[in-house]
>>> print(open('protein-v9.txt').read())   # compact mmCIF, C-alpha atoms and all ligand atoms
# COMPACT_ATOMS: atom_id res chain seq x y z
CA TYR P 1 7.65 -38.64 -56.85
CA LEU P 2 5.28 -36.50 -58.83
CA SER P 3 4.78 -39.17 -61.43
CA ILE P 4 3.83 -41.77 -58.87
CA PHE P 5 1.44 -39.37 -57.22
CA ILE P 6 -0.27 -38.18 -60.35
CA GLY P 7 -0.03 -41.46 -62.21
CA LYS P 8 -2.38 -43.08 -59.74
CA GLY P 9 -5.73 -43.88 -61.22
CA ARG P 10 -4.64 -42.80 -64.65
CA LEU P 11 -4.78 -46.22 -66.24
CA GLY P 12 -6.59 -45.79 -69.49
CA MET P 13 -5.82 -45.80 -73.15
CA ASN P 14 -2.00 -46.00 -73.32
CA ASN P 15 -1.86 -44.63 -69.78
CA LYS P 16 -0.80 -41.27 -71.14
CA PHE P 17 -0.67 -37.88 -69.49
CA VAL P 18 -2.59 -35.42 -71.62
CA TYR P 19 -2.01 -31.67 -71.38
CA THR P 20 -3.63 -30.53 -74.59
CA PRO P 21 -6.17 -27.73 -75.05
CA GLY P 22 -8.99 -30.27 -75.31
CA PRO P 23 -10.12 -32.91 -74.97
CA THR P 24 -9.30 -32.43 -71.30
CA ASN P 25 -9.06 -34.83 -68.40
CA VAL P 26 -12.40 -36.17 -67.24
CA ARG P 27 -12.96 -36.43 -63.50
CA ASP P 28 -13.65 -39.91 -62.15
CA ASN P 29 -17.23 -39.16 -61.15
CA VAL P 30 -17.97 -38.00 -64.72
CA ARG P 31 -16.35 -41.05 -66.27
CA LEU P 32 -18.32 -43.36 -64.00
CA GLU P 33 -21.57 -41.57 -64.72
CA ARG P 34 -21.37 -42.85 -68.27
CA SER P 35 -21.44 -46.43 -67.06
CA LYS P 36 -24.81 -46.11 -65.33
CA VAL P 37 -27.96 -47.85 -66.48
CA THR P 38 -29.99 -45.64 -68.80
CA THR P 39 -33.52 -45.36 -70.09
CA ASN P 40 -34.92 -44.98 -73.61
CA PRO P 41 -34.29 -41.29 -74.33
CA ASP P 42 -36.82 -41.20 -77.19
CA ILE P 43 -39.75 -42.55 -75.25
CA ASP P 44 -39.19 -41.89 -71.56
CA THR P 45 -40.34 -38.33 -70.88
CA ASP P 46 -38.30 -38.28 -67.66
CA PHE P 47 -35.32 -38.00 -69.96
CA VAL P 48 -36.76 -34.88 -71.61
CA GLU P 49 -36.88 -33.26 -68.17
CA PHE P 50 -33.35 -34.42 -67.45
CA TYR P 51 -32.09 -33.10 -70.79
CA LYS P 52 -33.73 -29.72 -70.20
CA GLY P 53 -32.18 -29.59 -66.76
CA THR P 54 -28.74 -30.12 -68.29
CA CYS P 55 -29.40 -27.41 -70.89
CA ASP P 56 -30.47 -25.03 -68.12
CA LYS P 57 -27.20 -25.65 -66.28
CA VAL P 58 -25.28 -24.54 -69.37
CA SER P 59 -27.39 -21.37 -69.57
CA LYS P 60 -26.73 -20.75 -65.89
CA ILE P 61 -22.97 -21.04 -66.34
CA LEU P 62 -23.26 -18.59 -69.24
CA ASN P 63 -25.29 -16.12 -67.17
CA THR P 64 -28.19 -16.06 -69.58
CA LYS P 65 -31.90 -16.69 -69.61
CA ASN P 66 -31.58 -17.81 -73.23
CA GLU P 67 -32.40 -21.38 -74.09
CA THR P 68 -29.64 -23.92 -74.66
CA TYR P 69 -29.82 -27.01 -76.85
CA ILE P 70 -27.36 -29.87 -76.59
CA LEU P 71 -26.70 -31.49 -79.93
CA CYS P 72 -25.20 -34.88 -80.59
CA GLY P 73 -21.91 -34.07 -82.27
CA GLU P 74 -18.62 -32.45 -81.37
CA GLY P 75 -18.08 -28.66 -81.15
CA ILE P 76 -17.78 -28.22 -84.89
CA LEU P 77 -21.41 -29.28 -85.28
CA GLY P 78 -22.53 -26.25 -83.27
CA LEU P 79 -20.50 -23.90 -85.46
CA GLU P 80 -21.90 -25.40 -88.63
CA ALA P 81 -25.48 -25.59 -87.32
CA ALA P 82 -25.45 -21.89 -86.38
CA CYS P 83 -24.28 -20.90 -89.86
CA ALA P 84 -26.61 -23.38 -91.58
CA THR P 85 -29.67 -22.06 -89.77
CA LEU P 86 -28.84 -18.35 -90.00
CA THR P 87 -27.56 -18.14 -93.57
CA GLU P 88 -29.79 -17.67 -96.57
CA PRO P 89 -28.26 -17.47 -100.03
CA GLY P 90 -26.66 -14.08 -100.59
CA ASP P 91 -26.73 -12.97 -96.95
CA ARG P 92 -23.78 -10.81 -96.02
CA VAL P 93 -21.87 -12.19 -93.03
CA LEU P 94 -18.94 -10.60 -91.21
CA VAL P 95 -16.25 -13.14 -90.33
CA ILE P 96 -13.98 -11.73 -87.64
CA ASN P 97 -10.58 -13.29 -88.19
CA ASN P 98 -7.68 -13.07 -85.76
CA GLY P 99 -7.12 -16.78 -85.42
CA ILE P 100 -7.44 -20.08 -87.22
CA PHE P 101 -10.91 -20.98 -85.93
CA GLY P 102 -12.04 -17.41 -86.56
CA LYS P 103 -10.91 -17.69 -90.16
CA GLY P 104 -12.52 -21.10 -90.56
CA PHE P 105 -16.04 -19.76 -90.04
CA MET P 106 -15.86 -18.54 -93.65
CA ASP P 107 -16.10 -22.13 -94.88
CA PHE P 108 -19.43 -22.68 -93.13
CA VAL P 109 -20.79 -19.32 -94.29
CA LYS P 110 -19.93 -20.17 -97.89
CA ILE P 111 -21.20 -23.76 -97.79
CA TYR P 112 -24.66 -22.38 -96.96
CA GLY P 113 -24.56 -19.73 -99.67
CA GLY P 114 -23.58 -16.71 -97.59
CA ASP P 115 -21.56 -13.78 -98.86
CA GLY P 116 -18.82 -13.76 -96.23
CA VAL P 117 -16.64 -10.71 -95.65
CA TYR P 118 -13.50 -10.94 -93.55
CA TYR P 119 -12.55 -8.43 -90.90
CA SER P 120 -8.96 -9.57 -90.31
CA SER P 121 -6.33 -8.46 -87.86
CA ASP P 122 -2.99 -9.51 -86.36
CA TYR P 123 -3.05 -13.10 -85.03
CA ARG P 124 -0.83 -12.03 -82.15
CA LYS P 125 -3.38 -9.62 -80.71
CA GLU P 126 -6.97 -9.49 -79.60
CA ILE P 127 -9.47 -7.64 -81.78
CA ASP P 128 -9.27 -3.89 -81.20
CA THR P 129 -12.90 -2.93 -80.64
CA ASP P 130 -12.32 0.70 -81.60
CA LYS P 131 -10.87 -0.30 -84.96
CA LEU P 132 -13.70 -2.74 -85.52
CA ASN P 133 -16.10 0.10 -84.78
CA GLU P 134 -14.38 2.28 -87.39
CA PHE P 135 -14.85 -0.51 -89.92
CA LEU P 136 -18.50 -0.93 -88.95
CA GLN P 137 -19.19 2.77 -89.30
CA ARG P 138 -18.33 2.41 -92.98
CA ASP P 139 -20.01 -0.97 -93.53
CA HIS P 140 -22.48 -2.62 -91.20
CA ASP P 141 -24.89 -4.27 -93.57
CA PHE P 142 -24.41 -7.76 -92.14
CA LYS P 143 -26.99 -10.27 -91.01
CA TYR P 144 -24.64 -11.74 -88.44
CA ALA P 145 -21.00 -11.75 -87.44
CA THR P 146 -18.91 -14.69 -86.30
CA LEU P 147 -16.12 -14.49 -83.78
CA VAL P 148 -14.13 -16.72 -81.49
CA HIS P 149 -13.86 -16.18 -77.76
CA CYS P 150 -10.62 -18.15 -77.22
CA ASP P 151 -8.96 -19.17 -80.47
CA THR P 152 -7.14 -22.26 -79.27
CA PRO P 153 -4.39 -22.67 -81.91
CA THR P 154 -2.76 -19.48 -80.60
CA GLY P 155 -4.66 -18.88 -77.35
CA VAL P 156 -5.87 -15.41 -78.27
CA LYS P 157 -8.89 -14.18 -76.33
CA ASN P 158 -11.28 -11.62 -77.74
CA ASP P 159 -13.23 -9.27 -75.53
CA ILE P 160 -16.67 -10.58 -76.36
CA SER P 161 -18.22 -8.28 -73.74
CA LYS P 162 -17.36 -5.27 -75.90
CA ILE P 163 -17.56 -6.79 -79.36
CA CYS P 164 -21.00 -8.37 -79.00
CA ARG P 165 -22.49 -5.20 -77.55
CA LEU P 166 -20.98 -3.23 -80.40
CA LEU P 167 -22.43 -5.61 -82.99
CA ASN P 168 -25.77 -5.37 -81.23
CA GLU P 169 -25.73 -1.56 -81.60
CA TYR P 170 -25.44 -2.05 -85.34
CA GLY P 171 -28.22 -4.62 -85.36
CA ILE P 172 -25.82 -7.42 -86.32
CA LEU P 173 -26.42 -10.80 -84.67
CA SER P 174 -23.36 -12.18 -82.86
CA VAL P 175 -22.29 -15.81 -83.24
CA VAL P 176 -19.62 -16.63 -80.68
CA ASP P 177 -17.50 -19.78 -80.65
CA SER P 178 -16.72 -20.09 -76.96
CA VAL P 179 -15.96 -23.81 -77.20
CA ALA P 180 -12.58 -23.22 -75.56
CA GLY P 181 -13.75 -20.31 -73.43
CA MET P 182 -16.89 -21.20 -71.49
CA GLY P 183 -16.16 -22.87 -68.17
CA GLY P 184 -12.73 -21.24 -68.02
CA GLU P 185 -13.55 -17.64 -68.86
CA GLU P 186 -16.35 -15.44 -67.66
CA VAL P 187 -19.32 -15.29 -70.03
CA LYS P 188 -22.27 -13.01 -69.38
CA GLY P 189 -24.58 -13.94 -72.21
CA ASP P 190 -27.40 -11.53 -71.40
CA ASP P 191 -25.38 -8.49 -70.27
CA TRP P 192 -23.10 -8.81 -73.27
CA LYS P 193 -26.02 -9.33 -75.66
CA ILE P 194 -24.68 -12.49 -77.25
CA ASP P 195 -27.11 -14.01 -79.73
CA VAL P 196 -25.59 -17.41 -80.42
CA LEU P 197 -23.18 -18.99 -77.95
CA LEU P 198 -21.46 -22.19 -78.96
CA GLY P 199 -19.75 -24.66 -76.65
CA GLY P 200 -18.40 -28.19 -76.52
CA SER P 201 -18.34 -30.89 -73.88
CA GLN P 202 -14.64 -31.74 -74.14
CA LYS P 203 -12.94 -28.44 -73.33
CA ALA P 204 -13.31 -26.54 -70.05
CA PHE P 205 -16.46 -28.47 -69.13
CA SER P 206 -14.22 -31.54 -68.94
CA ALA P 207 -16.78 -34.05 -70.11
CA PRO P 208 -15.99 -36.60 -72.82
CA PRO P 209 -16.01 -35.35 -76.43
CA GLY P 210 -19.16 -35.77 -78.49
CA LEU P 211 -21.57 -32.98 -77.56
CA THR P 212 -21.99 -29.38 -78.58
CA THR P 213 -24.07 -26.73 -76.82
CA VAL P 214 -25.96 -23.99 -78.66
CA THR P 215 -27.48 -21.11 -76.70
CA LEU P 216 -29.84 -18.85 -78.66
CA SER P 217 -31.26 -15.41 -77.96
CA ASN P 218 -34.88 -14.76 -78.86
CA ARG P 219 -33.67 -12.41 -81.57
CA ALA P 220 -31.56 -15.19 -83.10
CA LYS P 221 -34.50 -17.59 -82.94
CA GLU P 222 -36.79 -15.07 -84.65
CA VAL P 223 -34.32 -14.57 -87.47
CA MET P 224 -33.83 -18.32 -87.87
CA GLU P 225 -37.55 -19.01 -87.89
CA SER P 226 -38.48 -16.21 -90.29
CA ARG P 227 -36.27 -17.41 -93.13
CA LYS P 228 -37.70 -17.19 -96.62
CA THR P 229 -35.85 -20.28 -97.80
CA SER P 230 -35.70 -23.57 -95.94
CA VAL P 231 -32.56 -24.69 -94.18
CA VAL P 232 -30.41 -27.01 -96.25
CA GLY P 233 -30.04 -30.18 -94.21
CA PHE P 234 -31.67 -31.66 -91.15
CA TYR P 235 -28.95 -32.41 -88.60
CA CYS P 236 -27.66 -28.82 -88.74
CA ASN P 237 -31.10 -27.22 -88.69
CA LEU P 238 -31.60 -25.62 -85.28
CA ASN P 239 -35.25 -24.87 -86.05
CA ILE P 240 -36.11 -28.55 -85.61
CA TRP P 241 -35.48 -28.09 -81.89
CA LYS P 242 -38.08 -25.38 -81.48
CA ASN P 243 -40.85 -27.39 -79.83
CA TYR P 244 -38.91 -30.36 -78.52
CA TYR P 245 -39.83 -29.66 -74.90
CA ILE P 246 -43.52 -29.00 -75.46
CA GLU P 247 -43.86 -32.00 -77.74
CA LYS P 248 -41.50 -34.19 -75.68
CA TRP P 249 -39.82 -35.17 -78.89
CA PHE P 250 -36.20 -35.28 -80.06
CA PRO P 251 -35.18 -35.12 -83.71
CA TYR P 252 -32.95 -38.15 -83.19
CA THR P 253 -31.96 -40.48 -80.37
CA MET P 254 -30.01 -38.51 -77.80
CA PRO P 255 -26.68 -39.96 -76.60
CA ILE P 256 -28.02 -40.36 -73.09
CA SER P 257 -24.83 -41.59 -71.43
CA ASP P 258 -22.85 -38.64 -72.76
CA ILE P 259 -25.53 -36.24 -71.58
CA MET P 260 -25.57 -37.81 -68.11
CA ALA P 261 -21.79 -37.34 -67.97
CA LEU P 262 -22.01 -33.73 -69.13
CA ASP P 263 -24.70 -33.06 -66.55
CA LEU P 264 -22.40 -34.25 -63.79
CA ALA P 265 -19.45 -32.31 -65.19
CA LEU P 266 -21.61 -29.17 -65.06
CA ASP P 267 -22.55 -30.02 -61.47
CA ASN P 268 -18.85 -30.23 -60.66
CA ILE P 269 -18.47 -26.67 -61.93
CA LEU P 270 -21.60 -25.35 -60.23
CA ASP P 271 -20.65 -27.04 -56.94
CA GLU P 272 -17.21 -25.47 -56.99
CA GLY P 273 -18.82 -22.16 -57.96
CA ILE P 274 -18.32 -20.67 -61.40
CA GLU P 275 -16.37 -17.68 -60.02
CA ASN P 276 -14.01 -20.04 -58.21
CA VAL P 277 -13.57 -22.14 -61.31
CA ILE P 278 -12.66 -19.12 -63.40
CA LEU P 279 -10.29 -17.88 -60.71
CA ARG P 280 -8.60 -21.29 -60.67
CA HIS P 281 -8.08 -20.99 -64.43
CA SER P 282 -6.75 -17.44 -64.38
CA LYS P 283 -4.33 -18.22 -61.54
CA VAL P 284 -2.86 -21.17 -63.42
CA ALA P 285 -2.74 -19.27 -66.72
CA ASP P 286 -1.08 -16.23 -65.19
CA ALA P 287 1.64 -18.20 -63.39
CA THR P 288 2.25 -20.35 -66.49
CA ARG P 289 2.90 -17.32 -68.69
CA LYS P 290 5.18 -15.70 -66.12
CA ALA P 291 7.11 -18.93 -65.59
CA LEU P 292 7.69 -19.47 -69.31
CA GLN P 293 8.92 -15.91 -69.73
CA GLY P 294 11.11 -16.18 -66.64
CA PHE P 295 12.61 -19.29 -68.19
CA GLY P 296 13.64 -17.15 -71.18
CA LEU P 297 10.93 -18.28 -73.59
CA GLU P 298 8.78 -16.01 -75.69
CA LEU P 299 5.01 -16.13 -75.65
CA PHE P 300 3.31 -16.23 -79.04
CA LEU P 301 0.87 -13.46 -78.22
CA GLU P 302 1.40 -9.79 -77.51
CA ASN P 303 -1.94 -9.37 -75.76
CA GLY P 304 -5.31 -11.07 -75.36
CA PHE P 305 -4.07 -13.98 -73.26
CA CYS P 306 -6.77 -16.50 -72.48
CA ASN P 307 -7.20 -18.55 -69.32
CA THR P 308 -7.44 -21.91 -71.01
CA VAL P 309 -4.33 -22.34 -73.17
CA THR P 310 -0.85 -20.84 -73.39
CA ALA P 311 1.20 -20.83 -76.59
CA PHE P 312 4.94 -20.28 -76.43
CA LYS P 313 7.57 -20.19 -79.13
CA VAL P 314 10.00 -23.06 -79.22
CA PRO P 315 13.56 -22.01 -80.10
CA GLU P 316 14.12 -22.69 -83.80
CA TYR P 317 17.10 -24.95 -83.26
CA ILE P 318 14.79 -27.36 -81.41
CA GLY P 319 11.44 -26.92 -83.16
CA ALA P 320 7.99 -27.60 -81.74
CA VAL P 321 7.46 -30.96 -83.42
CA LYS P 322 10.71 -32.36 -82.06
CA LEU P 323 9.89 -31.15 -78.55
CA LYS P 324 6.40 -32.63 -78.73
CA ASN P 325 7.69 -35.99 -79.98
CA TYR P 326 10.44 -36.10 -77.38
CA ILE P 327 7.97 -35.50 -74.54
CA ASN P 328 5.71 -38.15 -75.96
CA ASP P 329 8.42 -40.77 -76.38
CA LYS P 330 10.39 -40.11 -73.23
CA TYR P 331 7.70 -39.12 -70.75
CA ASN P 332 4.56 -40.67 -72.23
CA ALA P 333 2.84 -37.29 -72.14
CA ILE P 334 0.93 -35.50 -74.85
CA ILE P 335 1.32 -31.80 -75.42
CA SER P 336 0.34 -30.19 -78.67
CA THR P 337 1.96 -28.04 -81.27
CA SER P 338 -0.34 -25.75 -83.22
CA LEU P 339 -2.11 -25.88 -86.55
CA LYS P 340 -0.48 -24.77 -89.76
CA PRO P 341 1.33 -22.39 -90.29
CA TYR P 342 2.45 -22.43 -86.65
CA ASP P 343 2.81 -26.20 -86.31
CA ASN P 344 6.58 -26.23 -85.88
CA GLU P 345 6.74 -22.83 -84.21
CA ILE P 346 4.68 -23.10 -81.06
CA ILE P 347 3.78 -25.48 -78.29
CA ARG P 348 0.46 -25.07 -76.57
CA ILE P 349 -0.15 -26.03 -73.00
CA GLY P 350 -3.78 -26.76 -72.30
CA HIS P 351 -4.82 -25.68 -68.83
CA MET P 352 -8.57 -25.84 -69.07
CA GLY P 353 -11.20 -27.61 -67.03
CA GLU P 354 -9.77 -30.40 -64.90
CA ASN P 355 -6.32 -29.59 -66.30
CA ALA P 356 -6.39 -26.14 -64.68
CA ARG P 357 -5.08 -27.52 -61.43
CA LEU P 358 -1.78 -27.11 -59.64
CA GLU P 359 -0.89 -30.81 -59.80
CA GLU P 360 -1.59 -31.05 -63.54
CA ILE P 361 0.12 -27.90 -64.67
CA SER P 362 3.16 -28.43 -62.45
CA TYR P 363 3.64 -31.90 -63.88
CA ALA P 364 3.33 -30.57 -67.43
CA LEU P 365 5.72 -27.69 -66.85
CA ASN P 366 8.23 -29.97 -65.17
CA LEU P 367 8.29 -32.18 -68.27
CA ILE P 368 8.51 -29.26 -70.67
CA GLY P 369 11.34 -27.61 -68.75
CA LYS P 370 13.27 -30.86 -68.51
CA ALA P 371 12.71 -31.82 -72.13
CA LEU P 372 13.84 -28.41 -73.37
CA LYS P 373 17.08 -28.74 -71.42
CA ASP P 374 17.57 -32.31 -72.63
CA LEU P 375 17.32 -30.94 -76.16
CA GLY P 376 19.95 -28.27 -75.59
CA TYR P 377 18.04 -25.30 -74.22
CA VAL P 378 20.14 -23.36 -71.76
CA SER P 379 18.69 -21.66 -68.70
CA GLU P 380 19.93 -21.41 -65.14
CA LYS P 381 16.37 -21.41 -63.98
CA ASN P 382 13.98 -24.27 -63.35
CA LEU P 383 10.59 -23.91 -65.01
CA LEU P 384 8.65 -25.63 -62.24
CA ASP P 385 10.31 -23.54 -59.51
CA LEU P 386 9.47 -20.41 -61.45
CA PHE P 387 5.85 -21.49 -61.69
CA ASN P 388 5.67 -22.23 -57.99
CA GLY P 389 7.09 -18.80 -57.27
CA TYR P 390 4.32 -17.12 -59.20
CA TYR P 391 1.41 -19.37 -58.29
C1 LIG G 1 -11.99 -27.40 -79.90
C2 LIG G 1 -12.57 -26.25 -80.57
C3 LIG G 1 -13.64 -26.40 -81.44
C4 LIG G 1 -14.18 -27.74 -81.78
O1 LIG G 1 -13.40 -28.31 -82.75
P1 LIG G 1 -12.43 -29.56 -82.70
O2 LIG G 1 -11.12 -29.04 -83.15
O3 LIG G 1 -12.99 -30.51 -83.67
O4 LIG G 1 -12.40 -30.10 -81.31
C5 LIG G 1 -14.17 -25.26 -82.01
N1 LIG G 1 -13.67 -24.04 -81.73
C6 LIG G 1 -12.63 -23.86 -80.90
C7 LIG G 1 -12.12 -22.48 -80.64
C8 LIG G 1 -12.06 -24.96 -80.28
O5 LIG G 1 -11.02 -24.81 -79.45
>>> encode(input="protein-v9.txt", output="C-alpha cells")
Amino acid sequence: YLSIFIGKGRLGMNNKFVYTPGPTNVRDNVRLERSKVTTNPDIDTDFVEFYKGTCDKVSKILNTKNETYILCGEGILGLEAACATLTEPGDRVLVINNGIFGKGFMDFVKIYGGDGVYYSSDYRKEIDTDKLNEFLQRDHDFKYATLVHCDTPTGVKNDISKICRLLNEYGILSVVDSVAGMGGEEVKGDDWKIDVLLGGSQKAFSAPPGLTTVTLSNRAKEVMESRKTSVVGFYCNLNIWKNYYIEKWFPYTMPISDIMALDLALDNILDEGIENVILRHSKVADATRKALQGFGLELFLENGFCNTVTAFKVPEYIGAVKLKNYINDKYNAIISTSLKPYDNEIIRIGHMGENARLEEISYALNLIGKALKDLGYVSEKNLLDLFNGYY
C-alpha cells in the first residue's frame, strides 16, 4: 500500500526511492520551475535583481544581514572558494576535525599555501567547547578556523552557536560548512557571529545539485579584500563578486534555471516558516533515533545528533554494504553507507529537506527494518511501528 501511495509521481531516472543525506528529493514545483523560459542572465538586469533576491532569501533563512553569493558549482566549491580567498601563503589556520568533512578542510588550506593546524577530537562526539577554549588559551594565533555544522558521514552536529562566538572572542574568523545543516538546523548567523557560512542547493534546501551559497560577514570581506598577495585562481576568488550588484555584472554566465529552482525551493521553506521546517526535521530525527535503538540497533554517535541524518551501526554479520545492496536490489531504494573507514560499518538515513517528512521516513524505515530481518537480524519489534510510536 505504501509503495503505491508514495510511488505515485516518482517516475524519473530509474524510478528509485532515494533516502540519502543529499541530494534530496526535489518538490514538483521546484522541478517544474527549471523548465520555464529564461532570459539572458548576463545582459538582462532584471536577472541581477532576481539573483539578489534569491541571495537575500538565503541570508534571511540564516538570520543574518550579511550578504550571500550564489556560485555556480556544488557545495565543495564554496568550501574551496572560502579557503582560496582567505588564505595567504604561511597563514596559520585552525582545522577543527571531528568528522570526515571537518578533516578534509586541511586539503584546501594546504592547496592555497596555508599552515593548517588540526584540533582533533572523537568522531563519535560533538566538539567540547570548553576543551577547545583550553586549547585556544594556549594557542590562538590563527587567521581563521574551519568547522562543520553537520558532518554528514557520521551525522555529528557541532554547536556552532558557542564555537563561533568563542572564535570571535579570540579574533579568529569562523568558516562554517553548514551544507548539510542550513534549512534543517537553526542558524543564527549574526547572533552567533559567523563570518563565512557555506551551503549547498541539494541538501536541506531540496533544490537540484549544482549551486553553493557563501554568506560573508563584513569582517571576512575586509580580510579577503586586504590581502597582500592576489588570490590564486579566478573561479574560487570571492573578491570578484564584490561589486557585481552595483555594476550589474557577473563573473561568468549564471545557471539561471538552477537559480530559479533554488529560489522556489527557498520560498517553499519561507512559506512553511523556517521554525516549522526545523521542527519538522527535529521531530523526524528524534523518532528515527529512538526507533532504531528500540529495534536493538546502536547509533554511531554518543552525542551531537543532527536533525538531517542518522547513522546507525549495522551488525557485523550483515555489514553495511550488503544491507545497502540488498535494499537497492530488492526494493529499488537507495540508502547510503558512509565514507571510509566507516563504509562497511554504518548506514546513514538522510532525513533532510523534502525527505524530512512522515511519508518518506516511514517508507525508508519500513524497508530497512524488513531488509535487516530478511538478512537474519532478529527482533520481536517492528521498526516502523516503533517509529510511529515515537513520532
Ligand atoms: C554534501 C556536503 C558537502 C558538499 O559535498 P559533496 O559531497 O560533493 O556533495 C560539503 N559538506 C558537507 C558537510 C556535506 O554534507
>>> atom_distance(input="protein-v9.txt", atom1="atom CA of Ile194 of chain P", atom2="atom CA of Glu222 of chain P")
14.4 Å
>>> atom_distance(input="protein-v9.txt", atom1="atom CA of Met352 of chain P", atom2="atom CA of Val309 of chain P")
6.9 Å
>>> residues_around(input="protein-v9.txt", residues="segment 331-342 of chain P", least_positions_apart="3", cutoff="7 Å", atoms="all atoms listed in the file", output="number ranges by chain")
P: 16-20, 153, 320-321, 324, 327-328, 345-349
>>> residues_near_ligand(input="protein-v9.txt", ligand="ligand LIG 1 (chain G)", cutoff="7 Å", atoms="all atoms listed in the file", output="list in words")
Gly22, Glu74, Gly75, Ile76, Phe101, Val148, Cys150, Asp151, Thr152, Asp177, Ser178, Val179, Ala180, Gly200 and Lys203 of chain P
>>> closest_residue(input="protein-v9.txt", among="P:Ile368, P:Ile240, P:Leu32, P:Ala145", to="Tyr170 of chain P", atoms="all atoms listed in the file")
P:Ala145
>>> closest_residue(input="protein-v9.txt", among="P:Val214, P:Asn344, P:Lys330, P:Ser226", to="Leu367 of chain P", atoms="all atoms listed in the file")
P:Lys330
>>> closest_residue(input="protein-v9.txt", among="P:Thr154, P:Thr68, P:Ser59, P:Thr45", to="Gly102 of chain P", atoms="all atoms listed in the file")
P:Thr154
>>> atom_distance(input="protein-v9.txt", atom1="atom CA of Asp91 of chain P", atom2="atom CA of Lys157 of chain P")
27.3 Å
>>> residues_near_point(input="protein-v9.txt", point="(-21.6, -4.7, -72.4)", cutoff="12 Å", atoms="all atoms listed in the file", output="ChimeraX atom specification")
/P:159-169,187-194
>>> write_last_selection(input="protein-v9.txt", atoms="C-alpha atoms", output="mmCIF file, in the coordinates of the input")
data_model
loop_
_atom_site.group_PDB
_atom_site.id
_atom_site.type_symbol
_atom_site.label_atom_id
_atom_site.label_comp_id
_atom_site.auth_asym_id
_atom_site.auth_seq_id
_atom_site.Cartn_x
_atom_site.Cartn_y
_atom_site.Cartn_z
ATOM 1 C CA ASP P 159 -13.230 -9.270 -75.530
ATOM 2 C CA ILE P 160 -16.670 -10.580 -76.360
ATOM 3 C CA SER P 161 -18.220 -8.280 -73.740
ATOM 4 C CA LYS P 162 -17.360 -5.270 -75.900
ATOM 5 C CA ILE P 163 -17.560 -6.790 -79.360
ATOM 6 C CA CYS P 164 -21.000 -8.370 -79.000
ATOM 7 C CA ARG P 165 -22.490 -5.200 -77.550
ATOM 8 C CA LEU P 166 -20.980 -3.230 -80.400
ATOM 9 C CA LEU P 167 -22.430 -5.610 -82.990
ATOM 10 C CA ASN P 168 -25.770 -5.370 -81.230
ATOM 11 C CA GLU P 169 -25.730 -1.560 -81.600
ATOM 12 C CA VAL P 187 -19.320 -15.290 -70.030
ATOM 13 C CA LYS P 188 -22.270 -13.010 -69.380
ATOM 14 C CA GLY P 189 -24.580 -13.940 -72.210
ATOM 15 C CA ASP P 190 -27.400 -11.530 -71.400
ATOM 16 C CA ASP P 191 -25.380 -8.490 -70.270
ATOM 17 C CA TRP P 192 -23.100 -8.810 -73.270
ATOM 18 C CA LYS P 193 -26.020 -9.330 -75.660
ATOM 19 C CA ILE P 194 -24.680 -12.490 -77.250
#
>>> residues_around(input="protein-v9.txt", residues="segment 385-387 of chain P", least_positions_apart="5", cutoff="10 Å", atoms="all atoms listed in the file", output="PyMOL selection string")
chain P and resi 284+286-295+358+361-362+365-366
>>> closest_residue(input="protein-v9.txt", among="P:Val277, P:Lys221, P:Met260, P:Ala311", to="Thr39 of chain P", atoms="all atoms listed in the file")
P:Met260
>>> residues_near_point(input="protein-v9.txt", point="(-31.8, -15.9, -88.2)", cutoff="10 Å", atoms="only C-alpha atoms", output="ChimeraX atom specification")
/P:82-88,143-144,173,195,218-227,239
>>> axis_aligned_box(input="protein-v9.txt", around="segment 343-351 of chain P", padding_each_side="5 Å", output="AutoDock Vina command-line options")
--center_x 1.0 --center_y -24.8 --center_z -77.6 --size_x 21.6 --size_y 13.9 --size_z 27.5
>>> closest_residue(input="protein-v9.txt", among="P:Gly73, P:Pro41, P:Pro209, P:Gly273", to="Lys248 of chain P", atoms="all atoms listed in the file")
P:Pro41
>>> residues_around(input="protein-v9.txt", residues="Lys110 of chain P", least_positions_apart="4", cutoff="12 Å", atoms="all atoms listed in the file", output="count of residues only")
19
>>> residues_around(input="protein-v9.txt", residues="Asn29 of chain P", least_positions_apart="2", cutoff="10 Å", atoms="only C-alpha atoms", output="ChimeraX atom specification")
/P:26-27,31-34,261,264-265,268
>>> closest_residue(input="protein-v9.txt", among="P:Ser206, P:Ser282, P:Thr54, P:Ser35", to="Ile70 of chain P", atoms="all atoms listed in the file")
P:Thr54
>>> build_atoms(input="protein-v9.txt", residues="segment 264-272 of chain P", atoms="N, CA and C atoms", output="compact mmCIF listing (two decimals), keeping the file's coordinate frame")
# COMPACT_ATOMS: atom_id res chain seq x y z
N LEU P 264 -23.19 -34.16 -65.02
CA LEU P 264 -22.40 -34.25 -63.79
C LEU P 264 -21.18 -33.33 -63.85
N ALA P 265 -20.60 -33.21 -65.03
CA ALA P 265 -19.45 -32.31 -65.19
C ALA P 265 -19.88 -30.87 -64.90
N LEU P 266 -21.09 -30.52 -65.33
CA LEU P 266 -21.61 -29.17 -65.06
C LEU P 266 -21.88 -29.00 -63.56
N ASP P 267 -22.37 -30.07 -62.92
CA ASP P 267 -22.55 -30.02 -61.47
C ASP P 267 -21.21 -29.79 -60.77
N ASN P 268 -20.18 -30.45 -61.26
CA ASN P 268 -18.85 -30.23 -60.66
C ASN P 268 -18.49 -28.74 -60.67
N ILE P 269 -18.79 -28.10 -61.80
CA ILE P 269 -18.47 -26.67 -61.93
C ILE P 269 -19.37 -25.84 -61.01
N LEU P 270 -20.66 -26.14 -61.04
CA LEU P 270 -21.60 -25.35 -60.23
C LEU P 270 -21.33 -25.55 -58.74
N ASP P 271 -20.94 -26.78 -58.35
CA ASP P 271 -20.65 -27.04 -56.94
C ASP P 271 -19.41 -26.28 -56.48
N GLU P 272 -18.42 -26.22 -57.35
CA GLU P 272 -17.21 -25.47 -56.99
C GLU P 272 -17.51 -23.97 -57.01
